[in-house]
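Source file: protein.txt; contents: compact mmCIF, C-alpha atoms.
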```
# COMPACT_ATOMS: atom_id res chain seq x y z
CA PRO Y 1 28.88 -31.25 -13.98
CA VAL Y 2 28.88 -27.81 -12.40
CA THR Y 3 30.25 -27.85 -8.86
CA ALA Y 4 28.28 -26.47 -5.93
CA GLU Y 5 30.87 -23.72 -5.56
CA GLU Y 6 30.51 -22.68 -9.21
CA ALA Y 7 26.71 -22.71 -8.98
CA SER Y 8 26.84 -20.61 -5.81
CA GLU Y 9 29.13 -18.08 -7.47
CA LEU Y 10 26.78 -17.72 -10.46
CA GLU Y 11 23.83 -17.31 -8.11
CA SER Y 12 25.44 -14.62 -5.94
CA GLU Y 13 27.14 -12.70 -8.75
CA TYR Y 14 24.43 -12.66 -11.40
CA PHE Y 15 21.08 -14.28 -10.73
CA MET Y 16 20.28 -12.92 -7.26
CA PRO Y 17 21.11 -9.27 -8.13
CA LEU Y 18 18.82 -9.43 -11.18
CA ARG Y 19 15.96 -10.95 -9.17
CA THR Y 20 16.41 -8.30 -6.48
CA MET Y 21 16.14 -5.48 -9.01
CA ARG Y 22 13.03 -7.06 -10.50
CA GLU Y 23 11.40 -7.40 -7.08
CA LYS Y 24 11.82 -3.72 -6.28
CA TRP Y 25 11.52 -2.27 -9.76
CA TRP Y 26 9.76 0.82 -8.36
CA TRP Y 27 13.07 1.89 -6.81
CA ASN Y 28 14.34 2.94 -10.24
CA PRO Y 29 14.70 6.76 -10.34
CA MET Y 30 12.72 6.98 -13.59
CA ALA Y 31 9.83 5.10 -11.94
CA MET Y 32 10.05 7.33 -8.87
CA GLU Y 33 9.82 10.46 -11.02
CA VAL Y 34 6.62 9.20 -12.69
CA MET Y 35 5.10 8.26 -9.33
CA VAL Y 36 5.90 11.66 -7.80
CA ARG Y 37 4.20 13.35 -10.74
CA GLN Y 38 1.19 11.05 -10.42
CA LEU Y 39 0.87 11.70 -6.68
CA GLU Y 40 1.06 15.45 -7.30
CA GLU Y 41 -1.38 15.52 -10.22
CA GLN Y 42 -3.77 12.64 -9.41
CA SER Y 43 -3.34 12.30 -5.61
CA PHE Y 44 -2.68 8.56 -5.79
CA VAL Y 45 -0.01 6.12 -6.97
CA LEU Y 46 -0.34 2.51 -8.18
CA ILE Y 47 2.61 0.13 -7.83
CA ASP Y 48 2.16 -3.38 -9.24
CA ASP Y 49 4.37 -6.27 -8.06
CA PHE Y 50 5.12 -4.21 -4.98
CA LEU Y 51 6.48 -6.87 -2.64
CA PRO Y 52 8.70 -9.85 -3.36
CA GLU Y 53 6.22 -12.57 -4.29
CA ASP Y 54 6.95 -14.75 -1.25
CA GLN Y 55 6.22 -11.83 1.10
CA ALA Y 56 2.95 -11.00 -0.64
CA LEU Y 57 1.89 -14.66 -0.50
CA GLU Y 58 2.67 -14.74 3.22
CA VAL Y 59 0.44 -11.72 3.91
CA ARG Y 60 -2.30 -13.29 1.79
CA ALA Y 61 -2.06 -16.61 3.67
CA CYS Y 62 -2.35 -14.87 7.05
CA ASN Y 63 -5.31 -12.81 5.86
CA GLU Y 64 -7.20 -15.82 4.51
CA GLN Y 65 -6.43 -17.89 7.61
CA TYR Y 66 -7.84 -15.21 9.89
CA TYR Y 67 -11.03 -15.04 7.85
CA ARG Y 68 -11.49 -18.82 7.56
CA SER Y 69 -10.95 -19.26 11.30
CA GLN Y 70 -13.60 -16.60 12.01
CA VAL Y 71 -11.43 -14.34 14.16
CA MET Y 72 -12.19 -11.27 12.07
CA GLU Y 73 -14.79 -8.74 13.19
CA VAL Y 74 -17.30 -6.81 11.09
CA GLY Y 75 -15.81 -3.43 10.17
CA ALA Y 76 -17.15 -0.34 11.93
CA THR Y 77 -17.22 3.32 10.94
CA ALA Y 78 -17.17 6.54 12.90
CA GLY Y 79 -20.15 7.83 10.92
CA GLY Y 80 -22.54 5.08 12.02
CA SER Y 81 -23.27 1.57 10.87
CA ASN Y 82 -26.06 2.20 8.34
CA ARG Y 83 -26.63 4.35 5.30
CA VAL Y 84 -29.79 4.45 3.14
CA GLY Y 85 -31.03 1.38 5.01
CA LEU Y 86 -27.95 -0.71 4.23
CA PRO Y 87 -24.72 -1.34 6.14
CA HIS Y 88 -22.21 1.41 5.38
CA ARG Y 89 -19.52 -1.25 5.03
CA GLY Y 90 -19.56 -5.02 4.84
CA ASP Y 91 -15.95 -6.05 5.28
CA HIS Y 92 -14.50 -8.23 8.04
CA VAL Y 93 -11.30 -6.97 9.66
CA LYS Y 94 -8.43 -8.08 11.85
CA TRP Y 95 -5.99 -5.52 13.27
CA VAL Y 96 -2.42 -6.79 13.55
CA LYS Y 97 0.37 -5.20 15.58
CA LEU Y 98 3.66 -5.00 13.73
CA ASN Y 99 5.80 -5.98 16.70
CA SER Y 100 3.79 -8.76 18.32
CA SER Y 101 3.91 -12.55 18.46
CA GLU Y 102 0.92 -12.89 16.13
CA PRO Y 103 1.59 -15.11 13.11
CA ALA Y 104 0.97 -12.20 10.71
CA SER Y 105 3.15 -9.69 12.57
CA GLN Y 106 6.38 -10.41 10.69
CA ALA Y 107 4.59 -10.53 7.34
CA VAL Y 108 2.87 -7.18 7.76
CA GLY Y 109 6.07 -5.76 9.28
CA ASN Y 110 7.94 -6.50 6.05
CA TYR Y 111 5.09 -4.88 4.12
CA ALA Y 112 5.23 -1.72 6.25
CA GLU Y 113 9.00 -1.46 5.80
CA SER Y 114 8.55 -1.50 2.03
CA ILE Y 115 5.82 1.15 2.19
CA GLU Y 116 8.07 3.39 4.24
CA ALA Y 117 10.95 2.87 1.81
CA ALA Y 118 8.61 3.91 -1.01
CA ILE Y 119 7.38 6.98 0.88
CA ASP Y 120 10.93 8.05 1.64
CA GLY Y 121 11.90 7.45 -1.97
CA LEU Y 122 9.04 9.64 -3.15
CA ARG Y 123 10.09 12.33 -0.69
CA GLN Y 124 13.67 12.36 -1.91
CA CYS Y 125 12.64 12.33 -5.55
CA ALA Y 126 10.20 15.20 -4.95
CA GLU Y 127 12.94 17.18 -3.25
CA GLN Y 128 15.40 16.43 -6.06
CA SER Y 129 12.90 17.57 -8.71
CA GLY Y 130 12.03 20.82 -6.93
CA LYS Y 131 8.61 19.78 -5.62
CA LEU Y 132 9.49 21.08 -2.19
CA GLU Y 133 5.96 21.35 -0.80
CA MET Y 134 5.28 17.68 -1.49
CA ALA Y 135 8.69 16.73 -0.09
CA LYS Y 136 7.89 18.62 3.11
CA VAL Y 137 4.52 16.89 3.50
CA LEU Y 138 6.03 13.44 2.95
CA GLU Y 139 8.78 14.25 5.40
CA SER Y 140 6.11 14.93 8.04
CA VAL Y 141 5.07 11.25 8.12
CA ARG Y 142 5.97 10.18 11.65
CA TRP Y 143 3.38 7.64 12.83
CA ARG Y 144 1.88 4.44 11.46
CA SER Y 145 -1.24 2.52 12.36
CA GLU Y 146 -1.50 -1.18 12.99
CA ALA Y 147 -2.12 -3.20 9.83
CA MET Y 148 -5.74 -3.89 8.98
CA LEU Y 149 -6.28 -7.21 7.23
CA THR Y 150 -9.66 -7.33 5.51
CA CYS Y 151 -11.97 -9.66 3.67
CA TYR Y 152 -15.03 -8.56 1.71
CA PRO Y 153 -17.08 -11.78 1.61
CA ALA Y 154 -18.63 -12.70 -1.72
CA GLU Y 155 -21.52 -14.41 0.04
CA SER Y 156 -22.92 -11.07 1.22
CA ARG Y 157 -21.70 -9.10 -1.82
CA ALA Y 158 -19.83 -6.94 0.68
CA ARG Y 159 -18.97 -3.37 -0.25
CA TYR Y 160 -18.01 -0.05 1.35
CA PHE Y 161 -19.95 3.08 0.46
CA ARG Y 162 -18.26 6.28 -0.71
CA HIS Y 163 -16.14 7.93 1.99
CA THR Y 164 -12.78 9.52 2.75
CA ASP Y 165 -10.31 8.13 5.27
CA ASN Y 166 -9.93 11.39 7.20
CA SER Y 167 -13.42 12.87 7.13
CA SER Y 168 -13.55 12.98 10.93
CA GLY Y 169 -10.20 14.78 11.24
CA ASN Y 170 -8.49 11.69 12.64
CA GLY Y 171 -5.04 12.76 11.49
CA ARG Y 172 -4.54 10.23 8.70
CA LEU Y 173 -2.27 11.61 6.00
CA LEU Y 174 -1.59 8.67 3.65
CA THR Y 175 -3.46 5.44 3.02
CA ALA Y 176 -1.54 2.39 1.76
CA ILE Y 177 -3.51 -0.67 0.57
CA LEU Y 178 -1.99 -3.91 -0.70
CA TYR Y 179 -4.37 -6.13 -2.68
CA LEU Y 180 -4.05 -9.89 -2.22
CA ASN Y 181 -6.41 -11.43 -4.76
CA ASP Y 182 -4.56 -14.04 -6.77
CA GLY Y 183 -6.21 -14.76 -10.10
CA TRP Y 184 -8.60 -11.80 -9.92
CA GLN Y 185 -10.68 -11.42 -13.10
CA PRO Y 186 -13.19 -8.81 -14.35
CA GLY Y 187 -16.52 -9.84 -12.88
CA ASP Y 188 -15.03 -10.80 -9.51
CA GLY Y 189 -15.95 -7.33 -8.22
CA GLY Y 190 -14.39 -5.49 -5.32
CA GLU Y 191 -12.87 -2.69 -7.40
CA LEU Y 192 -11.82 0.47 -5.59
CA ARG Y 193 -13.74 3.31 -7.23
CA LEU Y 194 -11.92 6.63 -6.96
CA PHE Y 195 -13.79 9.93 -7.29
CA HIS Y 196 -12.54 13.38 -8.17
CA ARG Y 197 -11.69 15.68 -5.30
CA GLY Y 198 -14.45 16.96 -3.02
CA GLU Y 199 -16.66 15.58 -0.25
CA GLU Y 200 -19.73 15.72 -2.51
CA ASN Y 201 -18.11 15.09 -5.89
CA LEU Y 202 -19.61 12.01 -7.57
CA LYS Y 203 -17.55 12.18 -10.76
CA VAL Y 204 -15.61 8.92 -11.09
CA LYS Y 205 -11.88 9.20 -11.75
CA MET Y 206 -10.89 5.51 -11.96
CA GLU Y 207 -11.83 2.00 -10.87
CA VAL Y 208 -8.80 0.16 -9.51
CA GLN Y 209 -8.77 -3.59 -9.96
CA PRO Y 210 -7.69 -5.31 -6.71
CA ILE Y 211 -5.15 -7.63 -8.32
CA PHE Y 212 -2.58 -9.58 -6.35
CA ASN Y 213 0.45 -7.64 -5.03
CA ARG Y 214 -0.80 -4.25 -6.23
CA LEU Y 215 -0.22 -1.31 -3.88
CA ILE Y 216 -2.24 1.88 -4.01
CA LEU Y 217 -0.98 4.86 -2.02
CA PHE Y 218 -3.21 7.94 -1.74
CA TRP Y 219 -3.91 11.02 0.35
CA SER Y 220 -6.41 10.22 3.10
CA ASP Y 221 -8.37 13.50 2.92
CA ASP Y 222 -11.03 14.74 0.49
CA ARG Y 223 -8.58 14.70 -2.41
CA VAL Y 224 -9.43 11.00 -2.83
CA PRO Y 225 -13.03 10.06 -1.99
CA HIS Y 226 -13.50 6.38 -2.74
CA GLU Y 227 -15.71 3.33 -2.34
CA VAL Y 228 -15.33 -0.43 -2.64
CA LEU Y 229 -17.72 -2.04 -5.12
CA SER Y 230 -19.57 -5.25 -4.29
CA ALA Y 231 -17.36 -8.33 -4.11
CA CYS Y 232 -18.48 -11.34 -6.13
CA LYS Y 233 -15.44 -13.32 -4.96
CA ASP Y 234 -13.87 -13.08 -1.50
CA ARG Y 235 -11.67 -9.97 -1.67
CA TYR Y 236 -8.55 -9.64 0.49
CA ALA Y 237 -6.40 -6.60 1.26
CA CYS Y 238 -4.04 -5.18 3.88
CA THR Y 239 -4.16 -1.48 4.82
CA VAL Y 240 -1.75 0.69 6.80
CA TRP Y 241 -2.35 4.39 7.54
CA TYR Y 242 0.34 7.01 8.04
CA TYR Y 243 -0.05 10.08 10.25
CA ASP Y 244 1.79 13.37 10.57
CA GLY Y 245 0.94 13.67 14.26
CA PHE Y 246 0.10 11.50 17.23
CA ASN Y 247 -3.54 10.59 17.90
CA SER Y 248 -4.15 9.01 21.31
CA SER Y 249 -7.41 7.48 20.06
CA TYR Y 250 -5.49 4.99 17.94
CA PRO Y 251 -2.67 2.53 18.73
CA LEU Y 252 0.01 4.26 16.64
CA THR Y 253 3.72 3.47 16.38
CA GLU Y 254 6.26 6.23 15.89
CA ILE Y 255 8.54 5.83 12.90
CA ALA Y 256 12.01 6.71 14.15
CA THR Y 257 14.16 8.76 11.80
CA GLY Y 258 16.24 5.74 10.89
CA ASP Y 259 13.32 3.38 10.22
CA SER Y 260 12.45 4.53 6.73
CA THR Y 261 15.57 6.49 5.94
CA GLY Y 262 19.15 5.56 6.85
CA SER Y 263 20.66 3.16 4.33
CA THR Y 264 17.52 3.51 2.20
CA SER Y 265 18.05 7.25 1.88
CA ALA Y 266 21.69 6.84 0.98
CA ALA Y 267 20.84 4.27 -1.69
CA LEU Y 268 18.21 6.45 -3.34
CA ALA Y 269 20.36 9.56 -3.12
CA ALA Y 270 23.04 7.70 -5.04
CA ALA Y 271 20.45 6.41 -7.51
CA LEU Y 272 19.01 9.87 -8.14
CA ALA Y 273 22.47 11.29 -8.60
CA ALA Y 274 23.14 8.57 -11.14
CA SER Y 275 19.84 9.03 -12.96
CA SER Y 276 21.54 11.21 -15.53
CA ALA Y 277 24.14 8.52 -16.17
CA PRO Y 278 24.18 6.68 -19.51
CA PHE Y 279 21.32 4.28 -20.18
CA GLY Y 280 21.99 0.90 -18.62
CA ALA Y 281 23.62 2.12 -15.42
CA VAL Y 282 22.73 -0.19 -12.52
CA VAL Y 283 20.70 1.32 -9.70
CA PRO Y 284 20.84 -0.66 -6.44
CA PRO Y 285 17.44 -1.37 -4.86
CA PRO Y 286 16.77 -0.62 -1.18
CA PRO Y 287 18.08 -3.18 1.31
```
Serialized structure, structure tokens:
Amino acid sequence: PVTAEEASELESEYFMPLRTMREKWWWNPMAMEVMVRQLEEQSFVLIDDFLPEDQALEVRACNEQYYRSQVMEVGATAGGSNRVGLPHRGDHVKWVKLNSSEPASQAVGNYAESIEAAIDGLRQCAEQSGKLEMAKVLESVRWRSEAMLTCYPAESRARYFRHTDNSSGNGRLLTAILYLNDGWQPGDGGELRLFHRGEENLKVKMEVQPIFNRLILFWSDDRVPHEVLSACKDRYACTVWYYDGFNSSYPLTEIATGDSTGSTSAALAAALAASSAPFGAVVPPPP
């Protein structure tokens, strides 16, 4: 039989590195180049299988537990609670600090770290490919919100009418949403409907299915008006907003220079430099 030492060597030398690359597939320079182009041309990016599965399941478990234990509150909007005689939004929310003793704090903290690694990767790739304006904008990300865990209850067919995330000039630059709906199927509802640019533009660009461990990252201004369609099955998600300046009206946390860069930047810089290497060259994922 194989000894424990031999099994451990196989695990550390071969199996773990392959799993790590699979978990953060979006770190590949070729993937980054496509995502930078999509963000520039379409104003949003989709990344499936964003987190390691155990981390995504942990965020999902915290979200569902908060909803089942009835500690979530009905979502509110700056524009008022009603629209055309109906609630403007029907979700239930729980705000979670990323550095607290709350059960979900560590889970959403890991999620935020991955978002910031992705943002920094997009910035470096944009800079490398000569998209300097986009690189400059992404570099301006300096503040993050608390994480907003949400549930759109199927019982009330909850939805959220068309809006933008920065219509009130609140300083939001980027919106990052992780969907947490294991086994989602067409007919379950809760799709994110994206519209073409413009406060009053009703032309639909895409309907994003809220499948498990899918991240959508988009500009928070009128480049991406959107709405959440009615949920026919309880719909879970976790949202974090990124700002380019401090807003005292919100409990924001500053992202220190080393939080989303540092070793991550060095790793991607090496990966981008190697992107012209022969096919099959190994690109290390972020730590």
All residues 9 Å or closer to range 103-110 of chain Y, all atoms listed in the file, same chain fewer than 4 positions away omitted, as a ChimeraX atom specification: /Y:51,55-56,58-59,61-63,96-99,114-115,147,238
For Thr175 in chain Y, which residue out of Y:Met16, Y:Leu215, Y:Val208, Y:Met72 is the nearest one, using all atoms listed in the file?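 Ranking Y:Met16, Y:Leu215, Y:Val208, Y:Met72 by distance to Thr175 in chain Y, first place goes to Y:Leu215.
The two atoms in question, CA of His92 in chain Y and CA of Thr150 in chain Y, are spaced 5.5 Å apart.
The spacing separating CA of Ser249 in chain Y from CA of Ala135 in chain Y amounts to 27.4 Å.
Among the candidates Y:Arg68, Y:Arg157, Y:Arg172, Y:Lys94, the residue lying nearest to Gly245 in chain Y is Y:Arg172 (atoms considered: all atoms listed in the file).
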